[in-house]
Each structure stands twice: as structure tokens, then as C-alpha cells.
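model27.cif follows; it contains mmCIF, N, CA and C atoms.
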```cif
data_model
#
loop_
_atom_site.label_atom_id
_atom_site.label_comp_id
_atom_site.auth_asym_id
_atom_site.auth_seq_id
_atom_site.Cartn_x
_atom_site.Cartn_y
_atom_site.Cartn_z
N MET A 784 0.82 -1.19 0.00
CA MET A 784 0.00 0.00 0.00
C MET A 784 0.87 1.26 0.00
N LYS A 785 1.99 1.21 0.74
CA LYS A 785 2.89 2.34 0.84
C LYS A 785 3.50 2.67 -0.53
N GLN A 786 3.87 1.64 -1.26
CA GLN A 786 4.46 1.82 -2.59
C GLN A 786 3.45 2.44 -3.54
N TRP A 787 2.23 1.99 -3.46
CA TRP A 787 1.17 2.49 -4.34
C TRP A 787 0.91 3.97 -4.06
N THR A 788 0.87 4.37 -2.81
CA THR A 788 0.62 5.76 -2.43
C THR A 788 1.74 6.66 -2.93
N ARG A 789 2.97 6.19 -2.81
CA ARG A 789 4.10 6.99 -3.28
C ARG A 789 4.06 7.14 -4.81
N SER A 790 3.70 6.08 -5.50
CA SER A 790 3.61 6.14 -6.97
C SER A 790 2.51 7.12 -7.40
N TYR A 791 1.41 7.08 -6.70
CA TYR A 791 0.29 7.97 -7.00
C TYR A 791 0.70 9.42 -6.78
N ALA A 792 1.37 9.69 -5.67
CA ALA A 792 1.83 11.05 -5.36
C ALA A 792 2.83 11.53 -6.40
N LEU A 793 3.74 10.65 -6.82
CA LEU A 793 4.72 11.01 -7.84
C LEU A 793 4.03 11.33 -9.17
N GLY A 794 2.97 10.60 -9.50
CA GLY A 794 2.21 10.86 -10.73
C GLY A 794 1.53 12.22 -10.67
N LEU A 795 0.95 12.54 -9.52
CA LEU A 795 0.31 13.84 -9.37
C LEU A 795 1.33 14.97 -9.48
N LEU A 796 2.47 14.80 -8.86
CA LEU A 796 3.52 15.81 -8.90
C LEU A 796 4.00 16.02 -10.34
N THR A 797 4.16 14.94 -11.08
CA THR A 797 4.60 15.02 -12.47
C THR A 797 3.56 15.77 -13.31
N ALA A 798 2.29 15.45 -13.09
CA ALA A 798 1.23 16.11 -13.86
C ALA A 798 1.21 17.60 -13.57
N VAL A 799 1.36 17.98 -12.30
CA VAL A 799 1.37 19.39 -11.94
C VAL A 799 2.55 20.09 -12.57
N LEU A 800 3.71 19.47 -12.58
CA LEU A 800 4.89 20.07 -13.20
C LEU A 800 4.71 20.26 -14.70
N VAL A 801 4.12 19.28 -15.37
CA VAL A 801 3.89 19.39 -16.81
C VAL A 801 2.94 20.56 -17.09
N PHE A 802 1.86 20.68 -16.32
CA PHE A 802 0.93 21.79 -16.51
C PHE A 802 1.58 23.14 -16.20
N ALA A 803 2.38 23.20 -15.17
CA ALA A 803 3.04 24.46 -14.81
C ALA A 803 4.02 24.89 -15.89
N ILE A 804 4.82 23.97 -16.41
CA ILE A 804 5.78 24.31 -17.46
C ILE A 804 5.05 24.78 -18.72
N SER A 805 3.98 24.09 -19.09
CA SER A 805 3.26 24.49 -20.30
C SER A 805 2.57 25.84 -20.09
N TYR A 806 2.12 26.14 -18.89
CA TYR A 806 1.48 27.41 -18.59
C TYR A 806 2.50 28.55 -18.69
N TRP A 807 3.70 28.35 -18.13
CA TRP A 807 4.70 29.41 -18.14
C TRP A 807 5.34 29.60 -19.50
N ASN A 808 5.34 28.59 -20.33
CA ASN A 808 5.97 28.71 -21.64
C ASN A 808 5.04 29.23 -22.73
N THR A 809 3.78 29.29 -22.47
CA THR A 809 2.87 29.81 -23.49
C THR A 809 2.85 31.32 -23.39
N ASP A 810 2.68 31.93 -24.52
CA ASP A 810 2.62 33.38 -24.56
C ASP A 810 1.20 33.80 -24.20
N ALA A 811 1.05 34.37 -23.07
CA ALA A 811 -0.26 34.82 -22.62
C ALA A 811 -0.40 36.30 -22.95
N THR A 812 -0.72 36.56 -24.20
CA THR A 812 -0.93 37.95 -24.58
C THR A 812 -2.36 38.31 -24.25
N SER A 813 -2.50 39.35 -23.56
CA SER A 813 -3.85 39.75 -23.17
C SER A 813 -4.50 40.49 -24.33
N THR A 814 -5.72 40.11 -24.58
CA THR A 814 -6.46 40.79 -25.63
C THR A 814 -7.46 41.71 -24.96
N THR A 815 -7.52 42.89 -25.44
CA THR A 815 -8.45 43.85 -24.87
C THR A 815 -9.45 44.22 -25.94
N ALA A 816 -10.67 44.31 -25.50
CA ALA A 816 -11.73 44.68 -26.42
C ALA A 816 -11.75 46.19 -26.56
N VAL A 817 -11.77 46.63 -27.78
CA VAL A 817 -11.81 48.05 -28.04
C VAL A 817 -13.24 48.42 -28.36
N GLU A 818 -13.76 49.36 -27.64
CA GLU A 818 -15.12 49.81 -27.89
C GLU A 818 -15.11 50.81 -29.02
N LYS A 819 -15.97 50.57 -29.99
CA LYS A 819 -16.04 51.48 -31.12
C LYS A 819 -17.50 51.83 -31.34
N GLU A 820 -17.75 53.06 -31.56
CA GLU A 820 -19.11 53.51 -31.83
C GLU A 820 -19.42 53.32 -33.31
N TYR A 821 -20.53 52.65 -33.59
CA TYR A 821 -20.96 52.45 -34.96
C TYR A 821 -22.20 53.29 -35.21
N LYS A 822 -22.28 53.81 -36.39
CA LYS A 822 -23.47 54.56 -36.79
C LYS A 822 -24.52 53.56 -37.27
N THR A 823 -25.76 53.95 -37.15
CA THR A 823 -26.87 53.10 -37.55
C THR A 823 -26.76 52.72 -39.03
N GLU A 824 -26.38 53.65 -39.86
CA GLU A 824 -26.28 53.39 -41.29
C GLU A 824 -25.21 52.34 -41.58
N GLU A 825 -24.10 52.40 -40.84
CA GLU A 825 -23.04 51.41 -41.02
C GLU A 825 -23.53 50.01 -40.65
N LEU A 826 -24.25 49.94 -39.56
CA LEU A 826 -24.77 48.64 -39.13
C LEU A 826 -25.77 48.07 -40.14
N ILE A 827 -26.65 48.93 -40.65
CA ILE A 827 -27.64 48.48 -41.63
C ILE A 827 -26.94 48.00 -42.89
N GLU A 828 -25.94 48.75 -43.37
CA GLU A 828 -25.20 48.34 -44.56
C GLU A 828 -24.51 47.00 -44.36
N GLN A 829 -23.90 46.79 -43.19
CA GLN A 829 -23.22 45.53 -42.90
C GLN A 829 -24.21 44.37 -42.88
N LEU A 830 -25.35 44.58 -42.23
CA LEU A 830 -26.36 43.52 -42.18
C LEU A 830 -26.88 43.17 -43.57
N GLU A 831 -27.12 44.18 -44.39
CA GLU A 831 -27.63 43.93 -45.74
C GLU A 831 -26.59 43.24 -46.61
N ARG A 832 -25.31 43.54 -46.40
CA ARG A 832 -24.25 42.83 -47.13
C ARG A 832 -24.23 41.36 -46.73
N GLU A 833 -24.58 41.08 -45.48
CA GLU A 833 -24.61 39.70 -44.98
C GLU A 833 -25.88 38.96 -45.40
N GLY A 834 -26.82 39.66 -46.03
CA GLY A 834 -28.03 39.01 -46.51
C GLY A 834 -29.23 39.21 -45.60
N TYR A 835 -29.13 40.04 -44.59
CA TYR A 835 -30.25 40.31 -43.68
C TYR A 835 -31.01 41.53 -44.17
N ARG A 836 -32.26 41.64 -43.72
CA ARG A 836 -33.08 42.80 -44.02
C ARG A 836 -33.39 43.51 -42.71
N THR A 837 -33.42 44.83 -42.76
CA THR A 837 -33.71 45.61 -41.56
C THR A 837 -35.00 46.38 -41.75
N LEU A 838 -35.72 46.55 -40.65
CA LEU A 838 -36.98 47.30 -40.67
C LEU A 838 -36.95 48.31 -39.54
N THR A 839 -37.58 49.43 -39.78
CA THR A 839 -37.76 50.38 -38.70
C THR A 839 -38.93 49.90 -37.84
N THR A 840 -39.10 50.51 -36.70
CA THR A 840 -40.19 50.12 -35.81
C THR A 840 -41.54 50.33 -36.49
N ASP A 841 -41.69 51.43 -37.22
CA ASP A 841 -42.95 51.69 -37.91
C ASP A 841 -43.23 50.65 -38.98
N GLU A 842 -42.19 50.29 -39.74
CA GLU A 842 -42.36 49.26 -40.77
C GLU A 842 -42.73 47.93 -40.14
N TRP A 843 -42.12 47.61 -39.01
CA TRP A 843 -42.41 46.35 -38.31
C TRP A 843 -43.86 46.33 -37.82
N GLU A 844 -44.32 47.42 -37.22
CA GLU A 844 -45.69 47.49 -36.73
C GLU A 844 -46.69 47.36 -37.88
N THR A 845 -46.41 48.02 -38.99
CA THR A 845 -47.28 47.93 -40.16
C THR A 845 -47.35 46.50 -40.67
N LEU A 846 -46.22 45.83 -40.72
CA LEU A 846 -46.17 44.45 -41.18
C LEU A 846 -46.93 43.52 -40.24
N LYS A 847 -46.78 43.73 -38.94
CA LYS A 847 -47.52 42.90 -37.97
C LYS A 847 -49.02 43.10 -38.10
N GLU A 848 -49.46 44.35 -38.26
CA GLU A 848 -50.89 44.63 -38.43
C GLU A 848 -51.43 43.96 -39.68
N LYS A 849 -50.67 44.01 -40.75
CA LYS A 849 -51.09 43.38 -42.01
C LYS A 849 -51.22 41.87 -41.83
N ASN A 850 -50.24 41.26 -41.16
CA ASN A 850 -50.29 39.82 -40.92
C ASN A 850 -51.44 39.44 -40.01
N ASN A 851 -51.72 40.27 -39.00
CA ASN A 851 -52.85 40.00 -38.10
C ASN A 851 -54.17 40.07 -38.84
N ARG A 852 -54.31 41.03 -39.76
CA ARG A 852 -55.54 41.12 -40.54
C ARG A 852 -55.71 39.90 -41.43
N GLU A 853 -54.61 39.46 -42.04
CA GLU A 853 -54.68 38.29 -42.91
C GLU A 853 -54.99 37.03 -42.10
N ALA A 854 -54.42 36.95 -40.90
CA ALA A 854 -54.64 35.77 -40.06
C ALA A 854 -56.05 35.75 -39.49
N SER A 855 -56.65 36.91 -39.28
CA SER A 855 -57.98 36.95 -38.68
C SER A 855 -59.07 36.54 -39.67
N THR A 856 -58.80 36.59 -40.95
CA THR A 856 -59.78 36.15 -41.94
C THR A 856 -59.29 34.83 -42.54
N PRO A 857 -59.66 33.73 -41.89
CA PRO A 857 -59.17 32.44 -42.40
C PRO A 857 -59.84 32.09 -43.73
N THR A 858 -59.04 31.53 -44.59
CA THR A 858 -59.56 31.07 -45.86
C THR A 858 -60.05 29.64 -45.69
N PRO A 859 -61.23 29.37 -46.14
CA PRO A 859 -61.74 28.01 -45.99
C PRO A 859 -60.92 27.02 -46.81
N VAL A 860 -60.54 25.95 -46.17
CA VAL A 860 -59.75 24.93 -46.84
C VAL A 860 -60.67 23.75 -47.13
N GLU A 861 -60.81 23.47 -48.39
CA GLU A 861 -61.65 22.34 -48.78
C GLU A 861 -60.80 21.09 -48.81
N GLU A 862 -61.24 20.11 -48.06
CA GLU A 862 -60.52 18.85 -48.05
C GLU A 862 -60.91 18.05 -49.29
N PRO A 863 -59.95 17.42 -49.92
CA PRO A 863 -60.28 16.62 -51.09
C PRO A 863 -61.13 15.40 -50.68
N ILE A 864 -61.97 14.99 -51.59
CA ILE A 864 -62.82 13.84 -51.33
C ILE A 864 -62.00 12.58 -51.55
N SER A 865 -61.96 11.75 -50.52
CA SER A 865 -61.24 10.48 -50.61
C SER A 865 -62.23 9.37 -50.95
N THR A 866 -61.86 8.53 -51.89
CA THR A 866 -62.67 7.37 -52.25
C THR A 866 -61.87 6.13 -51.91
N PHE A 867 -62.56 5.14 -51.34
CA PHE A 867 -61.87 3.94 -50.87
C PHE A 867 -62.77 2.74 -51.13
N SER A 868 -62.16 1.70 -51.66
CA SER A 868 -62.87 0.45 -51.88
C SER A 868 -62.39 -0.55 -50.84
N ILE A 869 -63.31 -1.00 -49.99
CA ILE A 869 -62.94 -1.90 -48.90
C ILE A 869 -63.42 -3.31 -49.21
N ASP A 870 -62.54 -4.28 -48.97
CA ASP A 870 -62.90 -5.68 -49.12
C ASP A 870 -63.17 -6.24 -47.74
N ILE A 871 -64.37 -6.75 -47.55
CA ILE A 871 -64.75 -7.33 -46.27
C ILE A 871 -64.81 -8.84 -46.44
N VAL A 872 -63.98 -9.53 -45.67
CA VAL A 872 -63.92 -10.99 -45.73
C VAL A 872 -64.53 -11.56 -44.46
N SER A 873 -64.71 -12.83 -44.45
CA SER A 873 -65.29 -13.50 -43.29
C SER A 873 -64.40 -13.28 -42.07
N GLY A 874 -65.00 -12.88 -40.96
CA GLY A 874 -64.27 -12.66 -39.73
C GLY A 874 -63.82 -11.23 -39.52
N THR A 875 -64.12 -10.34 -40.48
CA THR A 875 -63.76 -8.94 -40.33
C THR A 875 -64.64 -8.30 -39.27
N THR A 876 -64.01 -7.61 -38.33
CA THR A 876 -64.76 -6.98 -37.24
C THR A 876 -64.96 -5.50 -37.52
N THR A 877 -65.80 -4.90 -36.71
CA THR A 877 -66.05 -3.46 -36.82
C THR A 877 -64.76 -2.69 -36.55
N ASP A 878 -63.95 -3.18 -35.61
CA ASP A 878 -62.68 -2.54 -35.31
C ASP A 878 -61.75 -2.54 -36.53
N ASP A 879 -61.69 -3.67 -37.24
CA ASP A 879 -60.86 -3.77 -38.44
C ASP A 879 -61.32 -2.78 -39.51
N ILE A 880 -62.63 -2.71 -39.69
CA ILE A 880 -63.19 -1.82 -40.71
C ILE A 880 -62.91 -0.37 -40.35
N SER A 881 -63.13 0.00 -39.09
CA SER A 881 -62.92 1.40 -38.69
C SER A 881 -61.45 1.78 -38.82
N GLU A 882 -60.56 0.86 -38.54
CA GLU A 882 -59.12 1.14 -38.69
C GLU A 882 -58.78 1.40 -40.15
N LYS A 883 -59.30 0.58 -41.06
CA LYS A 883 -59.04 0.77 -42.49
C LYS A 883 -59.63 2.08 -43.00
N LEU A 884 -60.84 2.41 -42.54
CA LEU A 884 -61.49 3.64 -42.98
C LEU A 884 -60.76 4.87 -42.45
N LEU A 885 -60.24 4.79 -41.25
CA LEU A 885 -59.47 5.89 -40.67
C LEU A 885 -58.18 6.10 -41.46
N GLN A 886 -57.50 5.03 -41.80
CA GLN A 886 -56.26 5.13 -42.57
C GLN A 886 -56.51 5.69 -43.96
N ALA A 887 -57.68 5.42 -44.52
CA ALA A 887 -58.02 5.89 -45.86
C ALA A 887 -58.65 7.28 -45.84
N ASN A 888 -58.74 7.91 -44.66
CA ASN A 888 -59.33 9.25 -44.49
C ASN A 888 -60.80 9.30 -44.89
N ILE A 889 -61.51 8.21 -44.68
CA ILE A 889 -62.95 8.19 -44.94
C ILE A 889 -63.69 8.68 -43.71
N ILE A 890 -63.22 8.29 -42.53
CA ILE A 890 -63.80 8.75 -41.27
C ILE A 890 -62.74 9.50 -40.48
N LYS A 891 -63.19 10.35 -39.57
CA LYS A 891 -62.26 11.15 -38.76
C LYS A 891 -61.98 10.50 -37.41
N ASP A 892 -62.96 9.74 -36.87
CA ASP A 892 -62.82 9.18 -35.53
C ASP A 892 -63.28 7.73 -35.56
N ASP A 893 -62.33 6.82 -35.37
CA ASP A 893 -62.68 5.40 -35.44
C ASP A 893 -63.54 4.97 -34.26
N ALA A 894 -63.32 5.57 -33.10
CA ALA A 894 -64.12 5.21 -31.92
C ALA A 894 -65.58 5.62 -32.12
N ALA A 895 -65.81 6.77 -32.73
CA ALA A 895 -67.17 7.22 -32.99
C ALA A 895 -67.86 6.28 -33.98
N PHE A 896 -67.12 5.84 -34.99
CA PHE A 896 -67.70 4.91 -35.96
C PHE A 896 -68.05 3.58 -35.31
N GLU A 897 -67.13 3.07 -34.49
CA GLU A 897 -67.38 1.80 -33.81
C GLU A 897 -68.58 1.88 -32.89
N SER A 898 -68.70 2.96 -32.12
CA SER A 898 -69.84 3.09 -31.21
C SER A 898 -71.14 3.27 -32.00
N PHE A 899 -71.09 3.99 -33.14
CA PHE A 899 -72.28 4.14 -33.97
C PHE A 899 -72.75 2.78 -34.48
N MET A 900 -71.79 1.97 -34.93
CA MET A 900 -72.13 0.65 -35.46
C MET A 900 -72.76 -0.23 -34.37
N LYS A 901 -72.22 -0.17 -33.15
CA LYS A 901 -72.74 -1.01 -32.08
C LYS A 901 -74.07 -0.49 -31.54
N GLU A 902 -74.19 0.82 -31.36
CA GLU A 902 -75.42 1.40 -30.80
C GLU A 902 -76.61 1.22 -31.74
N ASN A 903 -76.36 1.26 -33.02
CA ASN A 903 -77.45 1.12 -34.00
C ASN A 903 -77.57 -0.30 -34.54
N ASP A 904 -76.88 -1.22 -33.91
CA ASP A 904 -76.97 -2.64 -34.21
C ASP A 904 -76.57 -2.99 -35.64
N TYR A 905 -75.63 -2.22 -36.20
CA TYR A 905 -75.12 -2.54 -37.53
C TYR A 905 -74.00 -3.56 -37.49
N SER A 906 -73.28 -3.64 -36.38
CA SER A 906 -72.10 -4.51 -36.32
C SER A 906 -72.47 -5.99 -36.49
N ARG A 907 -73.68 -6.35 -36.21
CA ARG A 907 -74.11 -7.75 -36.38
C ARG A 907 -74.39 -8.10 -37.84
N TYR A 908 -74.59 -7.09 -38.68
CA TYR A 908 -75.02 -7.33 -40.05
C TYR A 908 -73.96 -6.95 -41.10
N ILE A 909 -72.70 -7.03 -40.75
CA ILE A 909 -71.64 -6.70 -41.71
C ILE A 909 -71.68 -7.72 -42.85
N GLN A 910 -71.70 -7.20 -44.06
CA GLN A 910 -71.86 -8.03 -45.26
C GLN A 910 -70.49 -8.31 -45.87
N ILE A 911 -70.20 -9.59 -46.17
CA ILE A 911 -68.98 -9.98 -46.84
C ILE A 911 -69.05 -9.50 -48.28
N GLY A 912 -67.95 -8.91 -48.76
CA GLY A 912 -67.91 -8.42 -50.13
C GLY A 912 -67.09 -7.16 -50.23
N GLN A 913 -67.40 -6.36 -51.25
CA GLN A 913 -66.64 -5.14 -51.50
C GLN A 913 -67.60 -3.96 -51.50
N ALA A 914 -67.15 -2.86 -50.91
CA ALA A 914 -67.97 -1.65 -50.88
C ALA A 914 -67.06 -0.46 -51.21
N THR A 915 -67.61 0.46 -51.99
CA THR A 915 -66.87 1.68 -52.34
C THR A 915 -67.45 2.82 -51.52
N LEU A 916 -66.56 3.48 -50.76
CA LEU A 916 -66.97 4.54 -49.85
C LEU A 916 -66.19 5.80 -50.16
N ASN A 917 -66.74 6.96 -49.77
CA ASN A 917 -65.99 8.21 -49.90
C ASN A 917 -66.11 9.03 -48.63
N SER A 918 -65.27 10.04 -48.52
CA SER A 918 -65.16 10.81 -47.28
C SER A 918 -66.34 11.75 -47.05
N GLU A 919 -67.20 11.93 -48.04
CA GLU A 919 -68.38 12.77 -47.85
C GLU A 919 -69.56 12.00 -47.27
N MET A 920 -69.44 10.71 -47.18
CA MET A 920 -70.54 9.89 -46.67
C MET A 920 -70.64 10.04 -45.15
N SER A 921 -71.89 10.00 -44.67
CA SER A 921 -72.12 10.05 -43.22
C SER A 921 -71.89 8.66 -42.64
N LEU A 922 -71.84 8.58 -41.33
CA LEU A 922 -71.68 7.28 -40.69
C LEU A 922 -72.84 6.36 -41.04
N GLN A 923 -74.03 6.93 -41.13
CA GLN A 923 -75.23 6.15 -41.50
C GLN A 923 -75.07 5.56 -42.90
N GLU A 924 -74.62 6.37 -43.85
CA GLU A 924 -74.45 5.90 -45.22
C GLU A 924 -73.35 4.84 -45.32
N ILE A 925 -72.28 5.02 -44.58
CA ILE A 925 -71.20 4.02 -44.59
C ILE A 925 -71.72 2.71 -44.01
N ALA A 926 -72.44 2.80 -42.89
CA ALA A 926 -72.97 1.60 -42.25
C ALA A 926 -73.93 0.87 -43.19
N GLU A 927 -74.76 1.60 -43.89
CA GLU A 927 -75.70 0.97 -44.82
C GLU A 927 -74.98 0.34 -46.01
N ALA A 928 -73.85 0.91 -46.42
CA ALA A 928 -73.11 0.37 -47.56
C ALA A 928 -72.38 -0.91 -47.22
N ILE A 929 -71.99 -1.11 -45.97
CA ILE A 929 -71.21 -2.31 -45.63
C ILE A 929 -72.01 -3.36 -44.88
N THR A 930 -73.28 -3.10 -44.65
CA THR A 930 -74.11 -4.08 -43.95
C THR A 930 -75.30 -4.48 -44.79
N SER A 931 -76.00 -5.48 -44.31
CA SER A 931 -77.20 -5.95 -45.01
C SER A 931 -78.46 -5.58 -44.24
N LYS A 932 -78.36 -4.68 -43.32
CA LYS A 932 -79.51 -4.28 -42.50
C LYS A 932 -80.41 -3.34 -43.24
#
```
So that I can check it, write out the structure of this file as C-alpha cells.
Amino acid sequence: MKQWTRSYALGLLTAVLVFAISYWNTDATSTTAVEKEYKTEELIEQLEREGYRTLTTDEWETLKEKNNREASTPTPVEEPISTFSIDIVSGTTTDDISEKLLQANIIKDDAAFESFMKENDYSRYIQIGQATLNSEMSLQEIAEAITSK
């Protein structure tokens, strides 16, 4: 244990000496920051050379007001009509159908479709075959297209 402690101490001493020698041998030139006054025009020119655009406070306020007016009048976005042909095979459940319809963007909420099918007793009458559905159809119309009720 005594030998190990001495070796450890010698290693620490060597490391400190190496750091001290490298610290004293490096040129530590102090750099001082020089304060320089820049004119606004010089700063604007430099920014524009770098590819930035500058605005005055009045220009910024005008731009914000214009954007707020545009944002306050939302433009109606028409969703495209999705058409989907579903193949229903033996053993297909309401959950399977709702998952496929959700993935095809025919319905928005699979849980709502599943509960509609169960509450209105359509889930018992799912018809094996193929049905073509689109996103404009109501839950009632979809249920009638895939069932024999």
C-alpha cells in the first residue's frame, strides 16, 4: 500500500509540473476589447451585405398589423374527397373496418364509428364483399353500404 501511495503522489507531482511548465511557456498575450461607436447606417449596410433585411419600428408594426388582418380572416380549406374500396372478408370486425377507414381518411374518428355501429346494431349485419366509400358519406351511409340491415 505504501508503494502504491508513493507512486500515485509522484504521478500527481509530475502532472502538476507538466501543466506548470506548459502554462509558463505559453505566450499569454492579453487581448483587450476596443469599444467602437458604430453609426446606424453602417450597421444596416453591414447587415444587408450579410443578406439580412432591416426594418424600422414603424415598418415592423405595419407588417404585424397586415399579418394580423390576414390571419384573422381564415380562408376556408376544402378537403379533397377520398374514395376507398374496402374488401370485407369473413371474420372482419367493426374494429378492423374502422381502422381501415381511418387510414383511408374516410372517417375522422374510429371510436365514434365503432360506437355508432354497435349502438345502432349494424355490427351484427356486416356483409362480406366489396364496398366503395368516400369521405363525404355520413356514418349512417357508410354503415348501410357495408351491412345488409
Could you check how far CA of Arg907 in chain A sits from CA of Thr866 in chain A, in Å to one decimal?
24.7 Å
To one decimal in Å, tell me the separation between CA of Leu838 in chain A and CA of Thr823 in chain A.
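These two atoms are separated by 12.1 Å.
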CA of Asp870 in chain A to CA of Ala914 in chain A: how many Å, to one decimal?
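Between CA of Asp870 in chain A and CA of Ala914 in chain A the gap works out to 6.7 Å.
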From the list A:Glu848, A:Thr839, A:Phe867, A:Leu830, which residue is nearest Leu916 in chain A when using only C-alpha atoms?
A:Phe867
Within 6 Å of Ile871 in chain A using all atoms listed in the file, minus same-chain residues under 2 positions, as a tab-separated table (two decimals) with N, CA and C atoms, in the frame of the given file:
```tsv
chain	number	residue	atom	x	y	z
A	869	ILE	N	-63.31	-1.00	-49.99
A	869	ILE	CA	-62.94	-1.90	-48.90
A	869	ILE	C	-63.42	-3.31	-49.21
A	873	SER	N	-64.71	-12.83	-44.45
A	873	SER	CA	-65.29	-13.50	-43.29
A	873	SER	C	-64.40	-13.28	-42.07
A	910	GLN	N	-71.70	-7.20	-44.06
A	910	GLN	CA	-71.86	-8.03	-45.26
A	910	GLN	C	-70.49	-8.31	-45.87
A	911	ILE	N	-70.20	-9.59	-46.17
A	911	ILE	CA	-68.98	-9.98	-46.84
A	911	ILE	C	-69.05	-9.50	-48.28
A	912	GLY	N	-67.95	-8.91	-48.76
A	912	GLY	CA	-67.91	-8.42	-50.13
A	912	GLY	C	-67.09	-7.16	-50.23
A	913	GLN	N	-67.40	-6.36	-51.25
A	913	GLN	CA	-66.64	-5.14	-51.50
A	913	GLN	C	-67.60	-3.96	-51.50
A	914	ALA	N	-67.15	-2.86	-50.91
A	914	ALA	CA	-67.97	-1.65	-50.88
A	914	ALA	C	-67.06	-0.46	-51.21
```
Give the strand (DSSP E or B) residues of range 784-909 of chain A, as DSSP finds them on the backbone, and put them as a list in words.
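Filtering range 784-909 of chain A to strand (DSSP E or B) leaves Thr866, Phe867, Ser868, Ile869, Asp870, Ile871 and Ile909 of chain A.
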Shell of 6 Å around range 891-902 of chain A, all atoms listed in the file, local chain residues under 4 positions omitted, as a list in words
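In the requested form, the answer reads Thr877, Ser881, Glu882, Leu885 and Ser906 of chain A.
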Would you mind exporting the chosen residues as a compact mmCIF listing (two decimals), in the coordinates of the input, restricted to N, CA and C atoms?
```txt
# COMPACT_ATOMS: atom_id res chain seq x y z
N THR A 877 -65.80 -4.90 -36.71
CA THR A 877 -66.05 -3.46 -36.82
C THR A 877 -64.76 -2.69 -36.55
N SER A 881 -63.13 0.00 -39.09
CA SER A 881 -62.92 1.40 -38.69
C SER A 881 -61.45 1.78 -38.82
N GLU A 882 -60.56 0.86 -38.54
CA GLU A 882 -59.12 1.14 -38.69
C GLU A 882 -58.78 1.40 -40.15
N LEU A 885 -60.24 4.79 -41.25
CA LEU A 885 -59.47 5.89 -40.67
C LEU A 885 -58.18 6.10 -41.46
N SER A 906 -73.28 -3.64 -36.38
CA SER A 906 -72.10 -4.51 -36.32
C SER A 906 -72.47 -5.99 -36.49
```
With a distance cut-off of 10 Å and only C-alpha atoms, select the neighbouring residues of Tyr908 in chain A, excluding the residue or stretch itself and same-chain residues fewer than 4 positions from it, and output the selection as a compact mmCIF listing (two decimals) with N, CA and C atoms, in the coordinates of the input.
```txt
# COMPACT_ATOMS: atom_id res chain seq x y z
N MET A 900 -71.79 1.97 -34.93
CA MET A 900 -72.13 0.65 -35.46
C MET A 900 -72.76 -0.23 -34.37
N ASP A 904 -76.88 -1.22 -33.91
CA ASP A 904 -76.97 -2.64 -34.21
C ASP A 904 -76.57 -2.99 -35.64
N ALA A 926 -72.44 2.80 -42.89
CA ALA A 926 -72.97 1.60 -42.25
C ALA A 926 -73.93 0.87 -43.19
N GLU A 927 -74.76 1.60 -43.89
CA GLU A 927 -75.70 0.97 -44.82
C GLU A 927 -74.98 0.34 -46.01
N ILE A 929 -71.99 -1.11 -45.97
CA ILE A 929 -71.21 -2.31 -45.63
C ILE A 929 -72.01 -3.36 -44.88
N THR A 930 -73.28 -3.10 -44.65
CA THR A 930 -74.11 -4.08 -43.95
C THR A 930 -75.30 -4.48 -44.79
N SER A 931 -76.00 -5.48 -44.31
CA SER A 931 -77.20 -5.95 -45.01
C SER A 931 -78.46 -5.58 -44.24
N LYS A 932 -78.36 -4.68 -43.32
CA LYS A 932 -79.51 -4.28 -42.50
C LYS A 932 -80.41 -3.34 -43.24
```
As number ranges by chain, please: all residues of range 789-932 of chain A that backbone DSSP puts in alpha helix (DSSP H).
A: 789-808, 823-832, 840-855, 877-886, 893-902, 922-929
Pick from A:Gln829, A:Gln923, A:Thr845, A:Ser918, whichever lies nearest to Ser865 in chain A using only C-alpha atoms:
A:Ser918
Of A:Ile890, A:Ala928, A:Ile880, A:Ile864, the one sitting nearest Thr915 in chain A when using all atoms listed in the file is A:Ala928
